[in-house]
$ cat model_32.cif   # mmCIF, C-alpha atoms
data_structure
#
loop_
_atom_site.label_atom_id
_atom_site.label_comp_id
_atom_site.auth_asym_id
_atom_site.auth_seq_id
_atom_site.Cartn_x
_atom_site.Cartn_y
_atom_site.Cartn_z
CA MET A 229 18.00 -27.48 1.12
CA GLY A 230 19.67 -24.50 -0.40
CA VAL A 231 17.43 -22.01 -2.10
CA LEU A 232 18.26 -21.58 -5.75
CA SER A 233 19.08 -18.01 -6.57
CA SER A 234 17.26 -18.42 -9.87
CA THR A 235 13.98 -18.67 -7.96
CA SER A 236 14.30 -15.03 -6.96
CA LEU A 237 11.45 -12.86 -8.12
CA LEU A 238 13.84 -10.06 -8.93
CA ASP A 239 16.42 -10.20 -11.70
CA ARG A 240 18.68 -8.11 -9.54
CA LEU A 241 18.35 -5.93 -6.50
CA PRO A 242 17.90 -2.22 -7.12
CA ALA A 243 21.26 -0.46 -7.07
CA GLU A 244 20.00 2.14 -4.60
CA TYR A 245 19.87 -0.04 -1.53
CA ALA A 246 23.64 -0.46 -1.29
CA ARG A 247 24.04 3.28 -0.88
CA GLY A 248 21.98 3.62 2.28
CA GLY A 249 18.53 5.15 2.33
CA VAL A 250 14.87 4.43 1.94
CA THR A 251 12.73 3.91 -1.17
CA LEU A 252 9.19 5.21 -0.72
CA GLU A 253 6.64 4.20 -3.31
CA ILE A 254 3.65 6.50 -3.12
CA GLY A 255 1.13 6.47 -5.95
CA GLY A 256 3.18 3.78 -7.68
CA ILE A 257 6.12 6.19 -8.03
CA PRO A 258 9.26 4.99 -6.20
CA ILE A 259 11.45 7.79 -4.81
CA PHE A 260 14.78 6.96 -3.22
CA LEU A 261 15.83 9.10 -0.24
CA ARG A 262 19.52 8.64 0.20
CA SER A 263 20.91 9.22 3.67
CA GLY A 264 23.79 7.74 5.60
CA ASP A 265 22.07 8.59 8.87
CA ALA A 266 20.67 5.30 10.20
CA GLU A 267 18.40 7.02 12.73
CA PHE A 268 16.86 9.19 10.05
CA CYS A 269 16.31 6.17 7.78
CA ARG A 270 14.67 4.28 10.63
CA MET A 271 12.39 7.24 11.35
CA ILE A 272 11.37 7.41 7.67
CA GLU A 273 10.73 3.65 7.49
CA ASP A 274 8.58 3.84 10.62
CA ARG A 275 6.57 6.84 9.49
CA TYR A 276 5.92 5.57 5.96
CA ALA A 277 5.87 1.87 6.86
CA GLY A 278 3.33 0.62 4.31
CA PHE A 279 4.93 2.66 1.54
CA VAL A 280 8.53 1.48 1.93
CA ASN A 281 9.55 -0.62 -1.06
CA PRO A 282 13.26 -1.44 -1.18
CA PHE A 283 12.66 -3.85 -4.06
CA ALA A 284 11.47 -1.11 -6.41
CA SER A 285 13.85 0.64 -8.78
CA ALA A 286 13.61 4.32 -7.99
CA GLU A 287 12.30 6.72 -10.60
CA TYR A 288 13.50 9.73 -8.61
CA GLU A 289 16.29 10.22 -6.12
CA PHE A 290 17.03 12.73 -3.39
CA GLU A 291 20.14 13.03 -1.30
CA ILE A 292 19.32 14.12 2.23
CA ASP A 293 21.73 16.27 4.25
CA LEU A 294 20.72 16.77 7.84
CA ASN A 295 21.04 20.03 9.73
CA PRO A 296 21.05 20.14 13.54
CA PRO A 297 17.58 19.64 15.05
CA SER A 298 15.25 22.64 14.98
CA GLU A 299 11.57 23.35 15.46
CA PRO A 300 9.31 22.42 12.51
CA SER A 301 8.33 25.51 10.53
CA ASP A 302 4.69 26.54 10.23
CA GLU A 303 5.26 28.86 7.28
CA ASP A 304 4.17 27.95 3.75
CA ALA A 305 6.69 26.30 1.47
CA ARG A 306 7.95 28.42 -1.41
CA VAL A 307 8.40 26.74 -4.77
CA SER A 308 10.24 28.34 -7.69
CA LYS A 309 11.90 27.19 -10.88
CA HIS A 310 15.05 28.32 -12.69
CA GLY A 311 15.73 26.48 -15.91
CA ASP A 312 15.14 22.80 -15.25
CA VAL A 313 15.78 23.08 -11.54
CA TRP A 314 13.07 23.47 -8.94
CA PHE A 315 13.80 25.13 -5.60
CA PHE A 316 11.71 24.37 -2.52
CA ASP A 317 12.19 26.46 0.61
CA ARG A 318 10.77 26.67 4.08
CA GLY A 319 12.23 27.55 7.45
CA ASP A 320 13.18 23.95 8.17
CA PHE A 321 14.44 22.87 4.75
CA HIS A 322 15.93 23.86 1.43
CA ALA A 323 15.65 21.50 -1.53
CA GLU A 324 16.69 21.55 -5.16
CA TRP A 325 15.35 19.15 -7.76
CA ASP A 326 16.28 18.77 -11.40
CA ALA A 327 13.14 17.43 -13.05
CA ARG A 328 15.13 16.46 -16.14
CA THR A 329 17.67 14.22 -14.40
CA ARG A 330 15.10 13.30 -11.73
CA ARG A 331 17.65 13.93 -8.99
CA GLY A 332 17.71 16.38 -6.16
CA TRP A 333 18.99 17.10 -2.71
CA VAL A 334 17.43 18.27 0.51
CA ARG A 335 19.07 20.02 3.43
CA GLN A 336 16.75 19.72 6.37
CA ALA A 337 16.35 19.29 10.09
CA PRO A 338 16.18 15.62 11.15
CA ASN A 339 12.40 15.61 11.55
CA PRO A 340 9.86 13.95 9.26
CA TYR A 341 7.84 17.10 8.54
CA ALA A 342 10.33 18.64 6.15
CA ILE A 343 10.69 15.56 3.96
CA ASP A 344 6.93 15.05 4.11
CA THR A 345 6.44 18.48 2.56
CA VAL A 346 9.17 17.89 -0.03
CA LEU A 347 7.46 14.65 -1.05
CA ARG A 348 4.10 16.37 -1.38
CA ILE A 349 5.63 19.06 -3.59
CA VAL A 350 7.47 16.58 -5.81
CA HIS A 351 4.43 14.36 -6.23
CA SER A 352 2.23 17.38 -7.03
CA LEU A 353 4.66 18.43 -9.78
CA VAL A 354 5.00 14.93 -11.21
CA LEU A 355 1.23 14.43 -11.22
CA ALA A 356 0.61 17.81 -12.81
CA GLU A 357 2.59 16.75 -15.88
CA GLU A 358 0.47 13.66 -16.38
CA GLY A 359 -2.99 15.12 -15.74
CA GLY A 360 -3.36 14.06 -12.11
CA PHE A 361 -3.19 15.92 -8.82
CA LEU A 362 -3.08 15.81 -5.05
CA LEU A 363 -6.36 16.84 -3.48
CA HIS A 364 -7.38 17.90 0.01
CA ALA A 365 -9.78 15.02 0.34
CA ALA A 366 -10.43 11.75 2.07
CA SER A 367 -10.63 8.70 -0.15
CA ALA A 368 -11.46 5.06 0.21
CA VAL A 369 -11.94 1.84 -1.73
CA ARG A 370 -15.20 -0.06 -1.69
CA SER A 371 -16.15 -2.97 -3.94
CA GLY A 372 -13.07 -2.44 -6.10
CA GLN A 373 -13.71 1.25 -6.79
CA SER A 374 -12.27 4.35 -5.22
CA PHE A 375 -14.37 7.21 -3.89
CA VAL A 376 -13.05 10.64 -3.03
CA PHE A 377 -14.63 13.05 -0.53
CA THR A 378 -13.52 16.64 -0.72
CA GLY A 379 -14.67 19.84 0.85
CA ILE A 380 -13.63 22.82 2.89
CA SER A 381 -12.00 22.35 6.26
CA GLY A 382 -14.62 20.96 8.62
CA ALA A 383 -16.82 19.63 5.81
CA GLY A 384 -16.40 16.08 7.06
CA LYS A 385 -13.36 14.44 5.44
CA THR A 386 -12.06 13.05 8.70
CA THR A 387 -15.58 12.14 9.79
CA MET A 388 -16.19 10.09 6.64
CA SER A 389 -12.89 8.28 7.17
CA ARG A 390 -13.66 7.60 10.81
CA LEU A 391 -17.13 6.30 9.98
CA ALA A 392 -15.93 4.02 7.18
CA PRO A 393 -17.56 0.59 7.53
CA ALA A 394 -15.56 -2.62 7.75
CA ASP A 395 -15.74 -3.35 4.02
CA VAL A 396 -14.10 -0.01 3.19
CA ALA A 397 -10.33 0.48 2.93
CA VAL A 398 -9.35 4.06 3.73
CA LEU A 399 -6.77 5.46 1.31
CA THR A 400 -6.31 8.69 3.24
CA ASP A 401 -8.21 11.06 5.49
CA GLU A 402 -6.25 14.10 4.30
CA ILE A 403 -4.51 14.10 0.91
CA SER A 404 -5.92 12.07 -1.97
CA TYR A 405 -3.73 10.99 -4.84
CA ILE A 406 -5.33 10.96 -8.30
CA ARG A 407 -3.52 9.67 -11.38
CA ARG A 408 -4.71 9.59 -14.95
CA ARG A 409 -3.83 6.22 -16.40
CA ALA A 410 -4.37 4.77 -19.87
CA ASP A 411 -7.57 3.06 -18.68
CA GLY A 412 -8.96 6.01 -16.74
CA TYR A 413 -8.47 7.76 -13.44
CA ARG A 414 -7.25 5.91 -10.39
CA ALA A 415 -6.98 6.90 -6.71
CA TYR A 416 -4.04 5.72 -4.60
CA GLY A 417 -3.48 5.46 -0.88
CA THR A 418 -1.14 8.00 0.69
CA PRO A 419 0.83 8.20 3.92
CA PHE A 420 -0.10 11.87 4.24
CA ALA A 421 -2.29 11.70 7.32
CA GLY A 422 -4.59 14.31 8.78
CA GLU A 423 -6.45 14.44 12.09
CA LEU A 424 -6.81 10.67 12.23
CA ALA A 425 -3.01 10.45 12.21
CA ARG A 426 -3.39 7.15 10.43
CA VAL A 427 -1.39 6.28 7.33
CA GLY A 428 -3.63 5.23 4.45
CA GLU A 429 -3.57 1.79 2.89
CA ASN A 430 -1.09 1.39 0.06
CA ILE A 431 -3.56 0.19 -2.53
CA SER A 432 -5.25 1.78 -5.51
CA ALA A 433 -8.48 1.34 -7.43
CA PRO A 434 -10.23 2.69 -10.52
CA PHE A 435 -12.15 5.85 -9.88
CA GLY A 436 -15.75 5.41 -8.75
CA GLY A 437 -16.90 8.89 -7.78
CA LEU A 438 -16.04 12.33 -6.48
CA TYR A 439 -18.23 13.74 -3.72
CA PHE A 440 -18.28 17.31 -2.46
CA LEU A 441 -19.08 17.06 1.23
CA GLU A 442 -21.63 19.21 3.00
CA LYS A 443 -23.15 18.60 6.38
CA GLY A 444 -26.95 18.63 6.45
CA PRO A 445 -30.03 17.32 8.22
CA ALA A 446 -30.36 14.14 6.12
CA ASN A 447 -28.17 11.93 3.96
CA ARG A 448 -28.62 12.47 0.25
CA ILE A 449 -26.69 12.96 -2.96
CA GLU A 450 -27.49 15.85 -5.24
CA PRO A 451 -26.13 16.44 -8.72
CA ILE A 452 -23.56 19.12 -9.40
CA ASP A 453 -22.79 20.54 -12.82
CA ASP A 454 -19.27 20.28 -14.22
CA ARG A 455 -18.58 23.99 -13.98
CA ARG A 456 -19.38 24.20 -10.28
CA ALA A 457 -17.63 20.89 -9.68
CA ALA A 458 -14.44 22.10 -11.37
CA ARG A 459 -14.52 25.34 -9.39
CA ALA A 460 -14.97 23.46 -6.10
CA LEU A 461 -12.30 20.97 -7.08
CA LEU A 462 -9.74 23.65 -7.91
CA ARG A 463 -10.19 25.16 -4.45
CA ASN A 464 -9.02 21.88 -2.93
CA ILE A 465 -6.21 20.85 -5.26
CA LEU A 466 -2.87 20.89 -3.49
CA PHE A 467 -0.41 22.71 -5.72
CA PHE A 468 2.58 24.69 -4.55
CA SER A 469 4.05 26.11 -7.74
CA HIS A 470 3.19 29.34 -9.52
CA ASP A 471 4.76 28.13 -12.75
CA GLU A 472 2.41 29.46 -15.41
CA ARG A 473 2.52 26.43 -17.69
CA LEU A 474 1.92 23.94 -14.90
CA VAL A 475 -0.80 26.01 -13.27
CA LYS A 476 -2.64 26.06 -16.58
CA ARG A 477 -2.08 22.32 -16.89
CA VAL A 478 -3.63 21.71 -13.47
CA PHE A 479 -6.53 23.98 -14.36
CA ASP A 480 -7.18 22.00 -17.55
CA SER A 481 -6.79 18.71 -15.69
CA ALA A 482 -9.46 19.69 -13.17
CA PHE A 483 -11.99 20.41 -15.92
CA GLU A 484 -11.10 17.24 -17.79
CA PHE A 485 -11.40 15.24 -14.60
CA VAL A 486 -14.89 16.40 -13.61
CA SER A 487 -16.16 15.86 -17.13
CA ASN A 488 -14.95 12.23 -17.07
CA VAL A 489 -15.90 10.99 -13.61
CA ALA A 490 -19.11 10.72 -11.62
CA THR A 491 -19.55 13.69 -9.30
CA GLY A 492 -22.14 14.77 -6.77
CA ARG A 493 -22.78 16.72 -3.58
CA LEU A 494 -22.90 14.38 -0.63
CA ILE A 495 -25.00 16.03 2.03
CA PHE A 496 -24.67 14.01 5.18
CA THR A 497 -25.38 13.84 8.85
CA PRO A 498 -22.30 12.81 10.73
CA ASP A 499 -23.15 9.16 11.15
CA GLU A 500 -22.24 5.95 9.36
CA ARG A 501 -25.50 5.85 7.35
CA ALA A 502 -23.94 8.27 4.88
CA TRP A 503 -21.84 5.38 3.64
CA ARG A 504 -25.00 3.60 2.45
CA LEU A 505 -25.08 6.09 -0.42
CA VAL A 506 -21.51 5.31 -1.51
CA GLY A 507 -20.47 2.46 -3.75
CA MET B 42 12.53 -38.76 4.80
CA ALA B 43 14.39 -35.47 4.91
CA GLU B 44 15.77 -36.17 1.47
CA ARG B 45 12.29 -36.86 0.15
CA ALA B 46 11.08 -33.55 1.60
CA ALA B 47 13.99 -31.73 -0.02
CA ILE B 48 13.21 -33.29 -3.39
CA GLU B 49 9.54 -32.37 -3.05
CA MET B 50 10.50 -28.79 -2.27
CA GLU B 51 12.84 -28.63 -5.22
CA LEU B 52 10.05 -29.94 -7.43
CA ALA B 53 7.59 -27.42 -6.04
CA GLU B 54 10.05 -24.59 -6.66
CA GLU B 55 10.68 -25.90 -10.15
CA VAL B 56 6.95 -25.90 -10.91
CA LEU B 57 6.64 -22.36 -9.62
CA ARG B 58 9.62 -21.22 -11.64
CA SER B 59 8.53 -22.96 -14.83
CA TYR B 60 4.79 -22.42 -14.82
CA GLY B 61 4.51 -19.36 -12.63
CA ARG B 62 1.86 -20.98 -10.45
CA LEU B 63 1.73 -23.64 -7.79
CA ARG B 64 -0.96 -25.21 -5.66
CA ILE B 65 0.10 -26.26 -2.25
CA VAL B 66 -1.68 -27.66 0.81
CA ALA B 67 -1.35 -25.71 4.06
CA ARG B 68 -0.77 -27.18 7.45
CA GLY B 69 -0.29 -25.69 10.90
CA SER B 70 -2.27 -22.96 12.60
CA SER B 71 -0.12 -19.84 12.37
CA MET B 72 -2.39 -18.21 9.76
CA VAL B 73 -5.71 -19.02 11.42
CA PRO B 74 -8.35 -17.68 10.87
CA THR B 75 -7.25 -16.71 7.33
CA ILE B 76 -5.75 -20.08 6.40
CA PHE B 77 -6.66 -23.40 8.01
CA PRO B 78 -4.79 -26.69 7.85
CA GLY B 79 -5.83 -28.47 4.67
CA ASP B 80 -6.59 -25.30 2.73
CA ILE B 81 -5.21 -25.27 -0.80
CA LEU B 82 -3.09 -22.23 -1.57
CA LEU B 83 -2.61 -20.91 -5.06
CA VAL B 84 0.84 -19.33 -5.23
CA GLU B 85 1.88 -17.11 -8.13
CA ARG B 86 5.26 -15.71 -9.03
CA ASN B 87 4.76 -11.97 -8.87
CA PRO B 88 7.66 -9.57 -9.12
CA LEU B 89 8.91 -8.66 -5.68
CA ASP B 90 8.73 -4.96 -6.37
CA ARG B 91 4.95 -5.33 -6.44
CA LEU B 92 4.86 -6.85 -2.99
CA ARG B 93 2.90 -4.88 -0.40
CA PRO B 94 2.34 -5.17 3.34
CA GLY B 95 -0.78 -7.28 3.78
CA ASP B 96 0.13 -9.74 1.02
CA VAL B 97 0.60 -13.38 1.99
CA VAL B 98 3.83 -14.81 0.58
CA LEU B 99 5.26 -18.28 0.22
CA ALA B 100 8.83 -18.38 1.48
CA SER B 101 11.36 -21.16 1.73
CA ARG B 102 13.87 -21.61 4.52
CA GLY B 103 15.64 -24.51 6.17
CA GLY B 104 13.86 -27.10 4.09
CA ARG B 105 10.41 -25.76 4.89
CA PHE B 106 7.85 -23.60 3.17
CA PHE B 107 6.20 -20.76 5.05
CA ALA B 108 3.02 -18.96 4.01
CA HIS B 109 2.88 -15.83 6.15
CA ARG B 110 1.66 -12.26 5.79
CA VAL B 111 3.99 -9.40 4.90
CA VAL B 112 4.20 -6.91 7.75
CA ARG B 113 6.67 -4.55 6.13
CA LEU B 114 9.59 -4.29 3.75
CA THR B 115 12.89 -2.91 4.92
CA ALA B 116 16.43 -2.21 3.86
CA LEU B 117 17.66 -0.87 7.19
CA GLY B 118 21.19 -2.00 7.87
CA GLY B 119 21.52 -4.28 4.85
CA PRO B 120 19.94 -5.55 1.67
CA PRO B 121 16.16 -5.40 1.17
CA ARG B 122 14.25 -7.90 3.26
CA VAL B 123 10.68 -8.97 3.79
CA ILE B 124 9.31 -9.04 7.34
CA THR B 125 6.42 -11.46 7.80
CA ARG B 126 4.24 -12.77 10.58
CA GLY B 127 1.57 -15.43 10.85
CA ASP B 128 -1.87 -13.91 11.45
CA ALA B 129 -2.15 -16.00 14.61
CA LEU B 130 1.31 -15.15 15.92
CA ARG B 131 2.51 -12.31 18.11
CA GLU B 132 6.12 -12.41 16.96
CA GLU B 133 7.45 -11.47 13.56
CA ASP B 134 9.46 -14.07 11.64
CA PRO B 135 13.19 -13.58 11.11
CA ALA B 136 13.46 -11.45 7.95
CA PHE B 137 13.37 -13.24 4.59
CA SER B 138 15.83 -12.27 1.89
CA HIS B 139 14.58 -11.71 -1.64
CA GLN B 140 15.92 -15.14 -2.62
CA GLU B 141 13.79 -16.86 -0.02
CA ILE B 142 10.52 -15.37 -1.24
CA LEU B 143 9.04 -17.70 -3.85
CA GLY B 144 5.73 -16.11 -4.66
CA ARG B 145 2.51 -14.56 -3.47
CA VAL B 146 -0.51 -16.49 -2.25
CA THR B 147 -3.25 -15.14 -4.46
CA ARG B 148 -6.10 -17.45 -3.53
CA VAL B 149 -7.08 -19.96 -0.90
CA SER B 150 -9.49 -22.77 -1.67
CA ARG B 151 -11.42 -24.31 1.21
CA GLY B 152 -14.26 -26.77 0.84
CA GLY B 153 -14.83 -25.68 -2.74
CA ARG B 154 -14.95 -22.00 -1.84
CA PHE B 155 -12.35 -19.36 -2.52
CA ILE B 156 -11.17 -17.29 0.43
CA ASN B 157 -9.70 -13.81 0.06
CA VAL B 158 -6.38 -13.54 1.87
CA THR B 159 -5.70 -9.86 1.30
CA GLY B 160 -6.42 -7.35 4.02
CA GLU B 161 -8.69 -5.35 1.74
CA ASP B 162 -11.92 -6.95 2.84
CA ASP B 163 -11.01 -7.48 6.47
CA LEU B 164 -13.98 -7.27 8.73
CA ASN B 165 -13.86 -5.80 12.21
CA GLY B 166 -15.12 -9.12 13.57
CA LYS B 167 -12.24 -10.93 11.91
CA ARG B 168 -9.74 -8.46 13.33
CA ILE B 169 -11.10 -9.02 16.82
CA LEU B 170 -10.91 -12.77 16.28
CA GLN B 171 -7.32 -12.45 15.09
CA TRP B 172 -6.43 -10.49 18.19
CA ALA B 173 -8.01 -13.18 20.38
CA ILE B 174 -6.20 -15.95 18.53
CA ARG B 175 -2.91 -14.12 18.80
CA ASN B 176 -3.29 -13.78 22.52
CA SER B 177 -4.78 -17.12 23.51
CA ASP B 178 -3.79 -20.65 22.58
CA SER B 179 -7.16 -21.80 23.89
CA VAL B 180 -9.01 -19.63 21.37
CA THR B 181 -6.81 -21.02 18.58
CA ALA B 182 -7.50 -24.58 19.71
CA GLY B 183 -11.21 -23.82 19.87
CA ILE B 184 -11.26 -22.35 16.38
CA LEU B 185 -9.38 -25.35 14.99
CA TRP B 186 -11.74 -27.73 16.78
CA LEU B 187 -14.75 -25.87 15.41
CA HIS B 188 -13.24 -25.86 11.94
CA ALA B 189 -12.73 -29.63 12.07
CA ARG B 190 -16.25 -30.20 13.45
CA VAL B 191 -17.92 -28.13 10.79
CA GLY B 192 -16.30 -30.50 8.34
CA GLN B 193 -13.89 -28.76 6.01
CA ALA B 194 -12.68 -31.84 4.18
CA VAL B 195 -10.27 -30.63 1.56
CA PRO B 196 -11.64 -31.55 -1.82
CA ALA B 197 -9.57 -32.71 -4.73
CA VAL B 198 -8.45 -29.80 -6.85
CA ARG B 199 -10.47 -30.05 -10.00
CA GLY B 200 -9.79 -28.50 -13.34
CA SER B 201 -6.25 -27.63 -12.45
CA SER B 202 -3.84 -27.34 -15.31
CA LEU B 203 -1.02 -27.71 -12.84
CA ARG B 204 0.44 -30.96 -11.78
CA ALA B 205 2.26 -29.36 -8.92
CA SER B 206 3.69 -31.31 -6.12
CA ALA B 207 1.38 -30.50 -3.24
CA ARG B 208 4.09 -30.36 -0.63
CA LEU B 209 2.82 -28.96 2.61
CA ALA B 210 3.38 -25.33 3.46
CA GLU B 211 4.04 -24.63 7.10
CA CYS B 212 1.62 -22.27 8.71
CA SER B 213 2.78 -23.31 12.12
#

$ encode --input "model_32.cif" --output "structure tokens"
Amino acid sequence: MGVLSSTSLLDRLPAEYARGGVTLEIGGIPIFLRSGDAEFCRMIEDRYAGFVNPFASAEYEFEIDLNPPSEPSDEDARVSKHGDVWFFDRGDFHAEWDARTRRGWVRQAPNPYAIDTVLRIVHSLVLAEEGGFLLHAASAVRSGQSFVFTGISGAGKTTMSRLAPADVAVLTDEISYIRRRADGYRAYGTPFAGELARVGENISAPFGGLYFLEKGPANRIEPIDDRRAARALLRNILFFSHDERLVKRVFDSAFEFVSNVATGRLIFTPDERAWRLVG
Amino acid sequence: MAERAAIEMELAEEVLRSYGRLRIVARGSSMVPTIFPGDILLVERNPLDRLRPGDVVLASRGGRFFAHRVVRLTALGGPPRVITRGDALREEDPAFSHQEILGRVTRVSRGGRFINVTGEDDLNGKRILQWAIRNSDSVTAGILWLHARVGQAVPAVRGSSLRASARLAECS
């Protein structure tokens, strides 16, 4: 029996696909990476497997030009803005992005690290405008709510992810994705992996709690006041730009966030019993 | 017989298209231990752009329905396609086009209970069982035997506002 085209769940396919490339939907924001290089596209689809969504209509688009292979750069990315156009630079890439037209281009080595950084920068800028942010934190979903665990390097983000019990879906062990939606804050899974080198699950959930991790002799949660929470949070927000308006926006967002969500210090011994306090 | 099956499929697709929901009885063992033969699947028409790896979709091909789990989405070398695989199978299915995907399985009813088919509440034990099923026909046969022995008679669907044709979905 022939399948009726009218049964399709899409009115029409997104126009992007015909031009060659990959649509990555992270945090519910589809970004189309246009490239005629099949090997590069395959590498991107493999690396971001759970976040590839060719059925989504892209909200942003980047054209990728590939340079000859080179070593990934370990320097910090530089982000600047002239008029409406953002410029991102590092040893292994140069990118320009017009936030108004939502289009940009990237010239980079054919490795995944450059585009990974470009994506982090773009998402951080998009989120900043809407009151959200990327955070150096592990996050996970339990019982329909998301919980975020942040702290300094070595505080236990990877440990909490590794110890997550079977009923917990890990969103990320490295970079958490927080959006402010009409019905409150929401955490999303990200493909930005840390030590676990495991891509997070591409799901999201309403915000349940923000925990500042500290290792200690026993598992317990202690309260933290909003002022200290905001200060600790700001230390861990991932933001690349020095744009005065946006920096102020992120600063305000951090204070607004901690005053609207449950927060606490999670002092834990590195074993799975810490999860009994969560959710 | 083949014509009857085709008409039943057309009717089922029509119900899904018109009402947005369809109940369908599963058969076969390719989705064990998530879906057993006789389970009743509730299929809903969700926009494809909301499809995610881990979802179970109902697809139609060659006069048969398939209810398999999405492994990934891809557009490499052509139009967007959905790659699926039965939970009990080692091999992925040939890619489905967007026209062949009819809807998402949102709920499974078995013996009066509702079973979650998403990966969100997967237990480690279930993952180990899936691995064993995937790699041993004997384990699959044992699970099916146990399932039949425990007595999972499929009850009549009560309170349904749908009068969907309960054509069988292949999970084989």

$ closest_atom_pairs --input "model_32.cif" --of "chain B" --to "chain A" --cutoff "8 Å" --atoms "only C-alpha atoms" --output "CSV"
residue,atom,partner,partner_atom,distance
B:Ala47,CA,A:Met229,CA,6.0
B:Glu54,CA,A:Thr235,CA,7.2
B:Arg58,CA,A:Thr235,CA,6.2
B:Arg86,CA,A:Leu237,CA,6.9
B:Asn87,CA,A:Leu237,CA,6.8
B:Pro88,CA,A:Leu237,CA,5.1
B:Leu89,CA,A:Leu237,CA,5.5
B:Asp90,CA,A:Phe283,CA,4.7
B:Arg91,CA,A:Ala284,CA,7.8
B:Arg93,CA,A:Gly278,CA,7.3
B:Pro94,CA,A:Gly278,CA,6.0
B:Ser101,CA,A:Val231,CA,7.2
B:Arg102,CA,A:Val231,CA,7.5
B:Gly103,CA,A:Met229,CA,6.3
B:Gly104,CA,A:Met229,CA,5.1
B:Arg113,CA,A:Gly278,CA,6.4
B:Leu114,CA,A:Asn281,CA,6.1
B:Thr115,CA,A:Pro282,CA,6.3
B:Ala116,CA,A:Pro282,CA,6.0
B:Leu117,CA,A:Arg270,CA,6.9
B:Gly118,CA,A:Ala266,CA,7.7
B:Gly119,CA,A:Ala246,CA,7.5
B:Pro120,CA,A:Tyr245,CA,6.4
B:Pro121,CA,A:Pro282,CA,5.4
B:Arg122,CA,A:Pro282,CA,7.9
B:His139,CA,A:Ser236,CA,6.3
B:Gln140,CA,A:Ser236,CA,4.6
B:Glu141,CA,A:Val231,CA,6.6
B:Ile142,CA,A:Ser236,CA,6.9
B:Leu143,CA,A:Thr235,CA,6.5
B:Gly144,CA,A:Leu237,CA,7.4
B:Glu161,CA,A:Ala397,CA,6.2
B:Asp162,CA,A:Asp395,CA,5.4
B:Asp163,CA,A:Asp395,CA,6.7
B:Leu164,CA,A:Ala394,CA,5.0
B:Asn165,CA,A:Ala394,CA,5.7

$ residues_around --input "model_32.cif" --residues "Pro74 (chain B)" --least-positions-apart "4" --cutoff "12 Å" --atoms "all atoms listed in the file" --output "PyMOL selection string"
chain B and resi 69-70+78+80+127-130+156-158+163+166-175+180-185+187-188+212

$ resolve_selection --input "model_32.cif" --expression "the PyMOL selection byres ((chain A and resi 349) around 10)" --output "number ranges by chain"
A: 305-307, 316, 343-348, 350-355, 362, 466-469

$ resolve_selection --input "model_32.cif" --expression "the PyMOL selection byres ((chain A and resi 446-460) around 7)" --output "PyMOL selection string"
chain A and resi 444-445+461-464+482-483+486-487+491-497+502

$ residues_around --input "model_32.cif" --residues "Glu303 (chain A)" --least-positions-apart "6" --cutoff "12 Å" --atoms "all atoms listed in the file" --output "MDAnalysis selection string"
chainID A and resid 317:321 342 345

$ atom_distance --input "model_32.cif" --atom1 "CA of Ser389 (chain A)" --atom2 "CA of Tyr341 (chain A)"
22.6 Å

$ resolve_selection --input "model_32.cif" --expression "the PyMOL selection byres ((chain A and resi 298) around 12)" --output "list of chain:residue names"
A:Leu294, A:Asn295, A:Pro296, A:Pro297, A:Glu299, A:Pro300, A:Ser301, A:Gly319, A:Asp320, A:Phe321, A:Gln336, A:Ala337, A:Pro338, A:Asn339, A:Pro340, A:Tyr341, A:Ala342

$ residues_around --input "model_32.cif" --residues "Ser374 (chain A)" --least-positions-apart "2" --cutoff "7 Å" --atoms "all atoms listed in the file" --output "list in words"
Ser367, Ala368, Val369, Arg370, Gly372, Val376, Ala415, Ala433, Pro434, Phe435, Gly436 and Gly437 of chain A

$ write_last_selection --input "model_32.cif" --atoms "C-alpha atoms" --output "PDB file, keeping the file's coordinate frame"
ATOM      1  CA  SER A 367     -10.630   8.700  -0.150  1.00  0.00           C
ATOM      2  CA  ALA A 368     -11.460   5.060   0.210  1.00  0.00           C
ATOM      3  CA  VAL A 369     -11.940   1.840  -1.730  1.00  0.00           C
ATOM      4  CA  ARG A 370     -15.200  -0.060  -1.690  1.00  0.00           C
ATOM      5  CA  GLY A 372     -13.070  -2.440  -6.100  1.00  0.00           C
ATOM      6  CA  VAL A 376     -13.050  10.640  -3.030  1.00  0.00           C
ATOM      7  CA  ALA A 415      -6.980   6.900  -6.710  1.00  0.00           C
ATOM      8  CA  ALA A 433      -8.480   1.340  -7.430  1.00  0.00           C
ATOM      9  CA  PRO A 434     -10.230   2.690 -10.520  1.00  0.00           C
ATOM     10  CA  PHE A 435     -12.150   5.850  -9.880  1.00  0.00           C
ATOM     11  CA  GLY A 436     -15.750   5.410  -8.750  1.00  0.00           C
ATOM     12  CA  GLY A 437     -16.900   8.890  -7.780  1.00  0.00           C
TER      13      GLY A 437
END

$ closest_residue --input "model_32.cif" --among "A:Phe268, A:Phe375, A:Phe260, A:Tyr416" --to "Gly360 (chain A)" --atoms "all atoms listed in the file"
A:Tyr416

$ atom_distance --input "model_32.cif" --atom1 "CA of His109 (chain B)" --atom2 "CA of Val97 (chain B)"
5.3 Å

$ atom_distance --input "model_32.cif" --atom1 "CA of Leu441 (chain A)" --atom2 "CA of Phe377 (chain A)"
6.2 Å
